[in-house]
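What follows is the content of upload35.pdb (PDB, C-alpha atoms).
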ATOM      1  CA  MET A   1       1.880  45.800  54.426  1.00  0.00           C
ATOM      2  CA  ARG A   2       0.637  46.682  50.956  1.00  0.00           C
ATOM      3  CA  GLN A   3      -0.113  43.830  48.569  1.00  0.00           C
ATOM      4  CA  ILE A   4      -1.379  43.834  44.993  1.00  0.00           C
ATOM      5  CA  VAL A   5      -3.344  40.801  43.803  1.00  0.00           C
ATOM      6  CA  LEU A   6      -2.678  40.647  40.062  1.00  0.00           C
ATOM      7  CA  ASP A   7      -3.718  38.670  37.005  1.00  0.00           C
ATOM      8  CA  THR A   8      -3.213  39.058  33.266  1.00  0.00           C
ATOM      9  CA  GLU A   9      -4.729  37.732  30.055  1.00  0.00           C
ATOM     10  CA  THR A  10      -2.515  37.185  27.017  1.00  0.00           C
ATOM     11  CA  THR A  11      -2.681  36.375  23.314  1.00  0.00           C
ATOM     12  CA  GLY A  12      -0.981  33.035  23.939  1.00  0.00           C
ATOM     13  CA  THR A  13       1.402  31.249  26.249  1.00  0.00           C
ATOM     14  CA  GLU A  14       4.867  32.230  24.989  1.00  0.00           C
ATOM     15  CA  ALA A  15       6.091  35.744  25.645  1.00  0.00           C
ATOM     16  CA  ALA A  16       9.477  34.900  24.122  1.00  0.00           C
ATOM     17  CA  ARG A  17       7.772  34.227  20.775  1.00  0.00           C
ATOM     18  CA  GLY A  18       5.852  37.466  20.645  1.00  0.00           C
ATOM     19  CA  ASP A  19       2.674  36.773  22.607  1.00  0.00           C
ATOM     20  CA  ARG A  20       1.386  39.895  24.330  1.00  0.00           C
ATOM     21  CA  VAL A  21      -0.516  41.025  27.418  1.00  0.00           C
ATOM     22  CA  ILE A  22      -4.069  42.086  26.536  1.00  0.00           C
ATOM     23  CA  GLU A  23      -5.574  42.646  29.994  1.00  0.00           C
ATOM     24  CA  ILE A  24      -4.229  43.538  33.437  1.00  0.00           C
ATOM     25  CA  GLY A  25      -6.367  43.368  36.578  1.00  0.00           C
ATOM     26  CA  CYS A  26      -5.268  44.246  40.121  1.00  0.00           C
ATOM     27  CA  TRP A  27      -6.865  44.644  43.550  1.00  0.00           C
ATOM     28  CA  GLU A  28      -5.126  46.278  46.507  1.00  0.00           C
ATOM     29  CA  LEU A  29      -4.761  44.831  50.014  1.00  0.00           C
ATOM     30  CA  LEU A  30      -3.478  46.872  52.931  1.00  0.00           C
ATOM     31  CA  ASP A  31      -2.529  44.859  56.014  1.00  0.00           C
ATOM     32  CA  ARG A  32      -4.517  41.963  54.503  1.00  0.00           C
ATOM     33  CA  ARG A  33      -7.668  44.074  54.179  1.00  0.00           C
ATOM     34  CA  PRO A  34      -9.149  44.897  50.746  1.00  0.00           C
ATOM     35  CA  THR A  35      -9.155  48.652  50.202  1.00  0.00           C
ATOM     36  CA  GLY A  36     -11.425  48.690  47.133  1.00  0.00           C
ATOM     37  CA  ARG A  37      -8.682  50.252  44.995  1.00  0.00           C
ATOM     38  CA  LYS A  38      -8.113  48.565  41.669  1.00  0.00           C
ATOM     39  CA  PHE A  39      -6.172  48.884  38.454  1.00  0.00           C
ATOM     40  CA  HIS A  40      -7.742  47.503  35.287  1.00  0.00           C
ATOM     41  CA  CYS A  41      -7.074  47.954  31.595  1.00  0.00           C
ATOM     42  CA  TYR A  42      -7.421  46.192  28.261  1.00  0.00           C
ATOM     43  CA  LEU A  43      -4.529  46.522  25.823  1.00  0.00           C
ATOM     44  CA  ASN A  44      -4.191  46.532  22.064  1.00  0.00           C
ATOM     45  CA  PRO A  45      -1.504  43.911  21.347  1.00  0.00           C
ATOM     46  CA  ASP A  46      -1.216  44.682  17.622  1.00  0.00           C
ATOM     47  CA  ARG A  47      -1.708  41.020  16.869  1.00  0.00           C
ATOM     48  CA  ASP A  48      -4.383  38.311  16.997  1.00  0.00           C
ATOM     49  CA  SER A  49      -4.819  35.916  19.896  1.00  0.00           C
ATOM     50  CA  HIS A  50      -4.150  32.257  19.284  1.00  0.00           C
ATOM     51  CA  PRO A  51      -7.424  30.335  18.798  1.00  0.00           C
ATOM     52  CA  GLU A  52      -6.929  28.352  21.998  1.00  0.00           C
ATOM     53  CA  ALA A  53      -6.228  31.506  24.001  1.00  0.00           C
ATOM     54  CA  LEU A  54      -9.299  33.184  22.498  1.00  0.00           C
ATOM     55  CA  LYS A  55     -11.428  30.316  23.769  1.00  0.00           C
ATOM     56  CA  VAL A  56     -10.138  31.036  27.268  1.00  0.00           C
ATOM     57  CA  HIS A  57     -10.592  34.820  27.493  1.00  0.00           C
ATOM     58  CA  GLY A  58     -12.900  35.742  24.582  1.00  0.00           C
ATOM     59  CA  LEU A  59     -11.118  39.049  23.931  1.00  0.00           C
ATOM     60  CA  THR A  60     -11.256  39.447  20.171  1.00  0.00           C
ATOM     61  CA  THR A  61      -8.933  41.497  17.989  1.00  0.00           C
ATOM     62  CA  ASP A  62     -11.853  43.749  17.077  1.00  0.00           C
ATOM     63  CA  PHE A  63     -12.679  44.412  20.744  1.00  0.00           C
ATOM     64  CA  LEU A  64      -9.064  45.271  21.542  1.00  0.00           C
ATOM     65  CA  SER A  65      -8.430  47.386  18.433  1.00  0.00           C
ATOM     66  CA  ASP A  66      -9.339  50.712  20.084  1.00  0.00           C
ATOM     67  CA  LYS A  67      -7.719  49.978  23.452  1.00  0.00           C
ATOM     68  CA  PRO A  68      -4.495  51.692  24.585  1.00  0.00           C
ATOM     69  CA  ARG A  69      -1.091  50.179  23.929  1.00  0.00           C
ATOM     70  CA  ILE A  70       1.197  49.222  26.791  1.00  0.00           C
ATOM     71  CA  ASP A  71       3.364  52.356  26.525  1.00  0.00           C
ATOM     72  CA  GLU A  72       0.268  54.504  27.112  1.00  0.00           C
ATOM     73  CA  ILE A  73      -0.564  52.959  30.508  1.00  0.00           C
ATOM     74  CA  VAL A  74       2.772  51.648  31.764  1.00  0.00           C
ATOM     75  CA  ASP A  75       3.444  54.593  34.093  1.00  0.00           C
ATOM     76  CA  ASP A  76       0.022  54.335  35.715  1.00  0.00           C
ATOM     77  CA  PHE A  77       0.423  50.585  36.125  1.00  0.00           C
ATOM     78  CA  LEU A  78       3.855  50.844  37.723  1.00  0.00           C
ATOM     79  CA  ALA A  79       2.641  53.610  40.027  1.00  0.00           C
ATOM     80  CA  PHE A  80      -0.144  51.304  41.219  1.00  0.00           C
ATOM     81  CA  ILE A  81       2.092  48.326  42.016  1.00  0.00           C
ATOM     82  CA  ARG A  82       5.112  50.293  43.245  1.00  0.00           C
ATOM     83  CA  ASP A  83       6.525  49.224  46.634  1.00  0.00           C
ATOM     84  CA  GLY A  84       3.874  46.542  47.085  1.00  0.00           C
ATOM     85  CA  GLU A  85       4.122  42.773  47.219  1.00  0.00           C
ATOM     86  CA  LEU A  86       2.531  41.117  44.209  1.00  0.00           C
ATOM     87  CA  VAL A  87       0.233  38.154  44.861  1.00  0.00           C
ATOM     88  CA  ILE A  88      -0.056  36.104  41.655  1.00  0.00           C
ATOM     89  CA  HIS A  89      -1.221  32.590  40.787  1.00  0.00           C
ATOM     90  CA  ASN A  90       1.564  30.944  38.780  1.00  0.00           C
ATOM     91  CA  ALA A  91       3.655  34.085  39.077  1.00  0.00           C
ATOM     92  CA  ALA A  92       6.393  33.101  36.623  1.00  0.00           C
ATOM     93  CA  PHE A  93       3.907  33.272  33.751  1.00  0.00           C
ATOM     94  CA  ASP A  94       2.496  36.740  34.502  1.00  0.00           C
ATOM     95  CA  VAL A  95       5.805  38.276  35.572  1.00  0.00           C
ATOM     96  CA  GLY A  96       7.502  36.914  32.438  1.00  0.00           C
ATOM     97  CA  PHE A  97       4.892  38.558  30.225  1.00  0.00           C
ATOM     98  CA  LEU A  98       4.984  41.839  32.151  1.00  0.00           C
ATOM     99  CA  ASN A  99       8.781  41.949  31.937  1.00  0.00           C
ATOM    100  CA  ALA A 100       8.554  41.476  28.167  1.00  0.00           C
ATOM    101  CA  GLU A 101       6.115  44.389  27.948  1.00  0.00           C
ATOM    102  CA  LEU A 102       8.361  46.605  30.089  1.00  0.00           C
ATOM    103  CA  GLU A 103      11.270  45.784  27.790  1.00  0.00           C
ATOM    104  CA  ARG A 104       9.201  46.990  24.826  1.00  0.00           C
ATOM    105  CA  CYS A 105       8.543  50.256  26.644  1.00  0.00           C
ATOM    106  CA  GLY A 106      12.223  50.975  27.154  1.00  0.00           C
ATOM    107  CA  ALA A 107      15.240  49.746  29.092  1.00  0.00           C
ATOM    108  CA  HIS A 108      14.773  52.466  31.722  1.00  0.00           C
ATOM    109  CA  TYR A 109      11.650  50.684  32.986  1.00  0.00           C
ATOM    110  CA  GLY A 110      13.714  47.699  34.099  1.00  0.00           C
ATOM    111  CA  SER A 111      11.785  44.650  35.280  1.00  0.00           C
ATOM    112  CA  VAL A 112       8.846  44.058  37.599  1.00  0.00           C
ATOM    113  CA  ALA A 113      11.284  43.239  40.411  1.00  0.00           C
ATOM    114  CA  ASP A 114      12.641  46.791  40.235  1.00  0.00           C
ATOM    115  CA  HIS A 115       9.268  48.238  41.246  1.00  0.00           C
ATOM    116  CA  VAL A 116       7.925  45.870  43.933  1.00  0.00           C
ATOM    117  CA  VAL A 117       9.173  44.472  47.234  1.00  0.00           C
ATOM    118  CA  GLY A 118       8.484  40.873  46.303  1.00  0.00           C
ATOM    119  CA  VAL A 119       6.228  38.372  44.553  1.00  0.00           C
ATOM    120  CA  LEU A 120       4.153  35.705  46.321  1.00  0.00           C
ATOM    121  CA  ASP A 121       3.115  32.762  44.137  1.00  0.00           C
ATOM    122  CA  THR A 122      -0.176  31.325  45.427  1.00  0.00           C
ATOM    123  CA  TYR A 123       0.120  28.339  43.093  1.00  0.00           C
ATOM    124  CA  LYS A 124       3.380  27.256  44.734  1.00  0.00           C
ATOM    125  CA  LEU A 125       1.922  28.008  48.165  1.00  0.00           C
ATOM    126  CA  ALA A 126      -1.127  25.828  47.489  1.00  0.00           C
ATOM    127  CA  ARG A 127       1.042  22.977  46.173  1.00  0.00           C
ATOM    128  CA  GLU A 128       3.092  23.103  49.376  1.00  0.00           C
ATOM    129  CA  MET A 129       0.005  23.165  51.601  1.00  0.00           C
ATOM    130  CA  TYR A 130      -1.895  20.467  49.679  1.00  0.00           C
ATOM    131  CA  PRO A 131       0.718  18.226  48.016  1.00  0.00           C
ATOM    132  CA  GLY A 132      -0.596  15.963  45.297  1.00  0.00           C
ATOM    133  CA  GLN A 133      -3.867  17.883  44.968  1.00  0.00           C
ATOM    134  CA  ARG A 134      -5.028  20.225  42.232  1.00  0.00           C
ATOM    135  CA  ALA A 135      -3.976  23.826  42.741  1.00  0.00           C
ATOM    136  CA  SER A 136      -5.714  25.638  39.879  1.00  0.00           C
ATOM    137  CA  LEU A 137      -7.719  28.739  40.736  1.00  0.00           C
ATOM    138  CA  ASP A 138     -10.987  26.892  40.077  1.00  0.00           C
ATOM    139  CA  ALA A 139      -9.898  23.966  42.270  1.00  0.00           C
ATOM    140  CA  LEU A 140      -8.994  26.305  45.132  1.00  0.00           C
ATOM    141  CA  CYS A 141     -12.306  28.138  44.775  1.00  0.00           C
ATOM    142  CA  ARG A 142     -14.063  24.797  45.202  1.00  0.00           C
ATOM    143  CA  ARG A 143     -11.888  23.898  48.187  1.00  0.00           C
ATOM    144  CA  PHE A 144     -12.717  27.092  50.041  1.00  0.00           C
ATOM    145  CA  GLY A 145     -16.354  27.421  48.961  1.00  0.00           C
ATOM    146  CA  ILE A 146     -15.724  30.576  46.913  1.00  0.00           C
ATOM    147  CA  ASP A 147     -18.376  31.310  44.291  1.00  0.00           C
ATOM    148  CA  ASN A 148     -16.757  31.354  40.854  1.00  0.00           C
ATOM    149  CA  THR A 149     -19.904  30.810  38.794  1.00  0.00           C
ATOM    150  CA  GLU A 150     -19.328  34.128  36.978  1.00  0.00           C
ATOM    151  CA  ARG A 151     -16.092  32.730  35.561  1.00  0.00           C
ATOM    152  CA  GLN A 152     -17.469  31.466  32.266  1.00  0.00           C
ATOM    153  CA  LEU A 153     -14.443  33.025  30.560  1.00  0.00           C
ATOM    154  CA  HIS A 154     -11.182  34.094  32.141  1.00  0.00           C
ATOM    155  CA  GLY A 155     -10.876  37.804  32.866  1.00  0.00           C
ATOM    156  CA  ALA A 156      -7.942  39.480  34.593  1.00  0.00           C
ATOM    157  CA  LEU A 157      -9.941  41.636  37.013  1.00  0.00           C
ATOM    158  CA  LEU A 158     -12.451  38.881  37.797  1.00  0.00           C
ATOM    159  CA  ASP A 159      -9.700  36.321  38.325  1.00  0.00           C
ATOM    160  CA  ALA A 160      -7.696  38.724  40.493  1.00  0.00           C
ATOM    161  CA  GLY A 161     -10.812  39.178  42.627  1.00  0.00           C
ATOM    162  CA  LEU A 162     -11.231  35.426  43.007  1.00  0.00           C
ATOM    163  CA  LEU A 163      -7.537  35.092  43.798  1.00  0.00           C
ATOM    164  CA  LEU A 164      -7.869  37.750  46.500  1.00  0.00           C
ATOM    165  CA  ASP A 165     -10.465  35.581  48.256  1.00  0.00           C
ATOM    166  CA  VAL A 166      -8.416  32.426  47.698  1.00  0.00           C
ATOM    167  CA  TYR A 167      -5.271  34.057  49.064  1.00  0.00           C
ATOM    168  CA  LEU A 168      -6.990  35.171  52.265  1.00  0.00           C
ATOM    169  CA  ALA A 169      -8.542  31.731  52.730  1.00  0.00           C
ATOM    170  CA  LEU A 170      -5.307  29.962  51.898  1.00  0.00           C
ATOM    171  CA  THR A 171      -3.285  31.934  54.422  1.00  0.00           C
ATOM    172  CA  SER A 172      -5.693  32.539  57.278  1.00  0.00           C
ATOM    173  CA  GLY A 173      -9.319  32.019  56.300  1.00  0.00           C
ATOM    174  CA  GLN A 174     -10.040  35.702  56.931  1.00  0.00           C
ATOM    175  CA  PHE A 175     -12.496  37.673  54.827  1.00  0.00           C
ATOM    176  CA  ASP A 176     -13.331  41.325  55.296  1.00  0.00           C
ATOM    177  CA  LEU A 177     -16.780  42.679  54.464  1.00  0.00           C
ATOM    178  CA  GLY A 178     -16.535  46.229  55.848  1.00  0.00           C
ATOM    179  CA  PHE A 179     -14.984  48.236  53.066  1.00  0.00           C
ATOM    180  CA  GLY A 180     -16.799  51.516  53.546  1.00  0.00           C
ATOM    181  CA  SER A 181     -16.199  52.533  49.936  1.00  0.00           C
ATOM    182  CA  GLU A 182     -18.788  52.927  47.221  1.00  0.00           C
ATOM    183  CA  GLU A 183     -17.028  50.461  44.937  1.00  0.00           C
ATOM    184  CA  GLN A 184     -16.122  47.528  47.122  1.00  0.00           C
ATOM    185  CA  ALA A 185     -13.427  44.998  46.474  1.00  0.00           C
ATOM    186  CA  PRO A 186     -14.772  41.555  45.636  1.00  0.00           C
ATOM    187  CA  VAL A 187     -15.565  39.018  48.307  1.00  0.00           C
ATOM    188  CA  HIS A 188     -17.073  35.991  46.637  1.00  0.00           C
ATOM    189  CA  ALA A 189     -17.747  33.873  49.693  1.00  0.00           C
ATOM    190  CA  VAL A 190     -19.088  34.685  53.153  1.00  0.00           C
ATOM    191  CA  ALA A 191     -19.136  31.146  54.496  1.00  0.00           C
ATOM    192  CA  ASP A 192     -16.918  30.138  57.372  1.00  0.00           C
ATOM    193  CA  VAL A 193     -13.880  29.182  55.339  1.00  0.00           C
ATOM    194  CA  ALA A 194     -11.904  28.568  58.486  1.00  0.00           C
ATOM    195  CA  ALA A 195     -13.637  25.212  58.628  1.00  0.00           C
ATOM    196  CA  HIS A 196     -11.954  24.367  55.322  1.00  0.00           C
ATOM    197  CA  VAL A 197      -8.546  25.618  56.393  1.00  0.00           C
ATOM    198  CA  TYR A 198      -8.231  24.094  59.818  1.00  0.00           C
ATOM    199  CA  ASP A 199      -8.955  20.467  60.597  1.00  0.00           C
ATOM    200  CA  VAL A 200      -8.508  20.557  64.375  1.00  0.00           C
ATOM    201  CA  ARG A 201      -7.993  17.324  66.261  1.00  0.00           C
ATOM    202  CA  VAL A 202      -7.718  17.452  70.077  1.00  0.00           C
ATOM    203  CA  VAL A 203      -5.391  14.859  71.618  1.00  0.00           C
ATOM    204  CA  CYS A 204      -5.440  14.374  75.399  1.00  0.00           C
ATOM    205  CA  ALA A 205      -2.612  12.795  77.391  1.00  0.00           C
ATOM    206  CA  SER A 206      -3.310   9.480  79.095  1.00  0.00           C
ATOM    207  CA  GLU A 207      -3.074   9.128  82.871  1.00  0.00           C
ATOM    208  CA  SER A 208       0.269   7.298  82.591  1.00  0.00           C
ATOM    209  CA  GLU A 209       1.634  10.096  80.396  1.00  0.00           C
ATOM    210  CA  ARG A 210       0.486  12.710  82.924  1.00  0.00           C
ATOM    211  CA  VAL A 211       2.181  10.815  85.758  1.00  0.00           C
ATOM    212  CA  ALA A 212       5.423  10.587  83.768  1.00  0.00           C
ATOM    213  CA  HIS A 213       5.203  14.289  82.985  1.00  0.00           C
ATOM    214  CA  ARG A 214       4.772  15.244  86.663  1.00  0.00           C
ATOM    215  CA  ALA A 215       7.726  13.070  87.610  1.00  0.00           C
ATOM    216  CA  ARG A 216       9.924  14.695  84.986  1.00  0.00           C
ATOM    217  CA  MET A 217       8.902  18.184  86.112  1.00  0.00           C
ATOM    218  CA  ALA A 218       9.751  17.251  89.715  1.00  0.00           C
ATOM    219  CA  VAL A 219      13.274  16.220  88.669  1.00  0.00           C
ATOM    220  CA  ILE A 220      13.785  19.480  86.757  1.00  0.00           C
ATOM    221  CA  GLU A 221      12.477  21.511  89.714  1.00  0.00           C
ATOM    222  CA  LYS A 222      14.818  19.756  92.129  1.00  0.00           C
ATOM    223  CA  GLN A 223      17.868  20.207  89.923  1.00  0.00           C
ATOM    224  CA  SER A 224      17.192  23.821  88.973  1.00  0.00           C
ATOM    225  CA  GLY A 225      15.613  25.086  92.156  1.00  0.00           C
ATOM    226  CA  GLN A 226      12.831  26.635  90.103  1.00  0.00           C
ATOM    227  CA  ARG A 227       9.304  25.533  89.395  1.00  0.00           C
ATOM    228  CA  LEU A 228       8.720  25.605  85.653  1.00  0.00           C
ATOM    229  CA  TRP A 229       5.222  24.177  85.445  1.00  0.00           C
ATOM    230  CA  ILE A 230       1.992  24.818  87.318  1.00  0.00           C
ATOM    231  CA  GLU A 231      -0.860  22.474  86.568  1.00  0.00           C
ATOM    232  CA  ALA A 232      -4.229  23.972  85.714  1.00  0.00           C
ATOM    233  CA  ALA A 233      -5.819  22.567  88.866  1.00  0.00           C
ATOM    234  CA  GLU A 234      -3.287  24.464  90.990  1.00  0.00           C
ATOM    235  CA  THR A 235      -3.796  27.864  89.347  1.00  0.00           C
ATOM    236  CA  PRO A 236      -5.929  30.403  91.279  1.00  0.00           C
TER     237      PRO A 236
END

Output the file's structure in the form of structure tokens.
Amino acid sequence: MRQIVLDTETTGTEAARGDRVIEIGCWELLDRRPTGRKFHCYLNPDRDSHPEALKVHGLTTDFLSDKPRIDEIVDDFLAFIRDGELVIHNAAFDVGFLNAELERCGAHYGSVADHVVGVLDTYKLAREMYPGQRASLDALCRRFGIDNTERQLHGALLDAGLLLDVYLALTSGQFDLGFGSEEQAPVHAVADVAAHVYDVRVVCASESERVAHRARMAVIEKQSGQRLWIEAAETP
């Protein structure tokens, strides 16, 4: 299965009021293993970022002034995500902005849903797994022991890399360190995150419960004519 871990940075929070995408960052997973392939670009939004947004990402109008516009990279972007499952934290936000950008590029581009097989929202997944607890990317990095000290400012490629680690920890605790490529995909933690994911408690049956179980199995065996259960002590 091919998955694309994706994040964006924007000029503000409201695509419907003209805020724009200014950075897209993606990392590729194939059968849950990072391949090292990425897609990354900054975009000229032809407008300033809101002051509060600028504090978050630090991407100034001057820095973005010589970057390509969305219509110059849209084909490459769609080729990268095509037929994959997108993995996004708070997916409605990013997908809403990307759909607005595709609309600007022309009706023939359709929406994000027309190019991918599905979208997995890790924010919703984390809220379901840990109800009542914080589910921000920083909070999940702390939960799983993932090093996010480089995240002084938000950046789409950096955040997508952190989300890649969070997603693997959130779903199975598996990290992969053997990429074999010169430019490796990010793995920000090498600790045993399985200890954070699984809190295993072993419960043993009491002697009375074992006796009741054997009696029940004897009744089933008598009625069915088949033995359905062999105790460990009886196995060769």

Next on the checklist: Within 12 Å of (7.8, 33.8, 37.9) in the file's own coordinates, which protein, DNA or RNA residues have an atom, counting only C-alpha atoms? List them as a ChimeraX atom specification.
Outcome noted: /A:86-99,111-113,118-124

Next on the checklist: So that I can check the surroundings of Asp7 of chain A, please list as a VMD selection string every protein, DNA and RNA residue that reaches within 7 Å of it, counting all atoms listed in the file and ignoring chain neighbours fewer than 3 positions away.
Outcome noted: chain A and resid 24 to 26 88 94 156 to 157 159 to 160

Item to check | Distance criterion (all atoms listed in the file): nearest to Lys38 of chain A out of A:Ala16, A:Leu158, A:Leu59, A:Val117 | outcome: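 Among A:Ala16, A:Leu158, A:Leu59, A:Val117, it is A:Leu158 that comes nearest to Lys38 of chain A.
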
Item to check | Result set of the PyMOL selection byres ((chain A and resi 42) around 6) on the coordinates above, as a count of residues only | outcome: 4

Using the chain letters and residue numbers of this document, give as a short mmCIF file (atom, residue, chain, number, x, y, z; two decimals) with C-alpha atoms, in the frame of the given file the residues selected by the PyMOL selection byres ((chain A and resi 129-144) around 8).
data_model
loop_
_atom_site.label_atom_id
_atom_site.label_comp_id
_atom_site.auth_asym_id
_atom_site.auth_seq_id
_atom_site.Cartn_x
_atom_site.Cartn_y
_atom_site.Cartn_z
CA HIS A 89 -1.22 32.59 40.79
CA TYR A 123 0.12 28.34 43.09
CA LEU A 125 1.92 28.01 48.16
CA ALA A 126 -1.13 25.83 47.49
CA ARG A 127 1.04 22.98 46.17
CA GLU A 128 3.09 23.10 49.38
CA GLY A 145 -16.35 27.42 48.96
CA ILE A 146 -15.72 30.58 46.91
CA ASP A 147 -18.38 31.31 44.29
CA ASN A 148 -16.76 31.35 40.85
CA LEU A 162 -11.23 35.43 43.01
CA LEU A 163 -7.54 35.09 43.80
CA VAL A 166 -8.42 32.43 47.70
CA ALA A 169 -8.54 31.73 52.73
CA VAL A 193 -13.88 29.18 55.34
CA HIS A 196 -11.95 24.37 55.32
CA VAL A 197 -8.55 25.62 56.39
#

Item to check | Computed interatomic separation between atom CA of Gly36 of chain A and atom CA of Asp71 of chain A (Å) | outcome: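 We find that atom CA of Gly36 of chain A and atom CA of Asp71 of chain A lie 25.6 Å from each other.
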
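Going from atom CA of Ala100 of chain A over to atom CA of Arg17 of chain A, you cover 10.4 Å.
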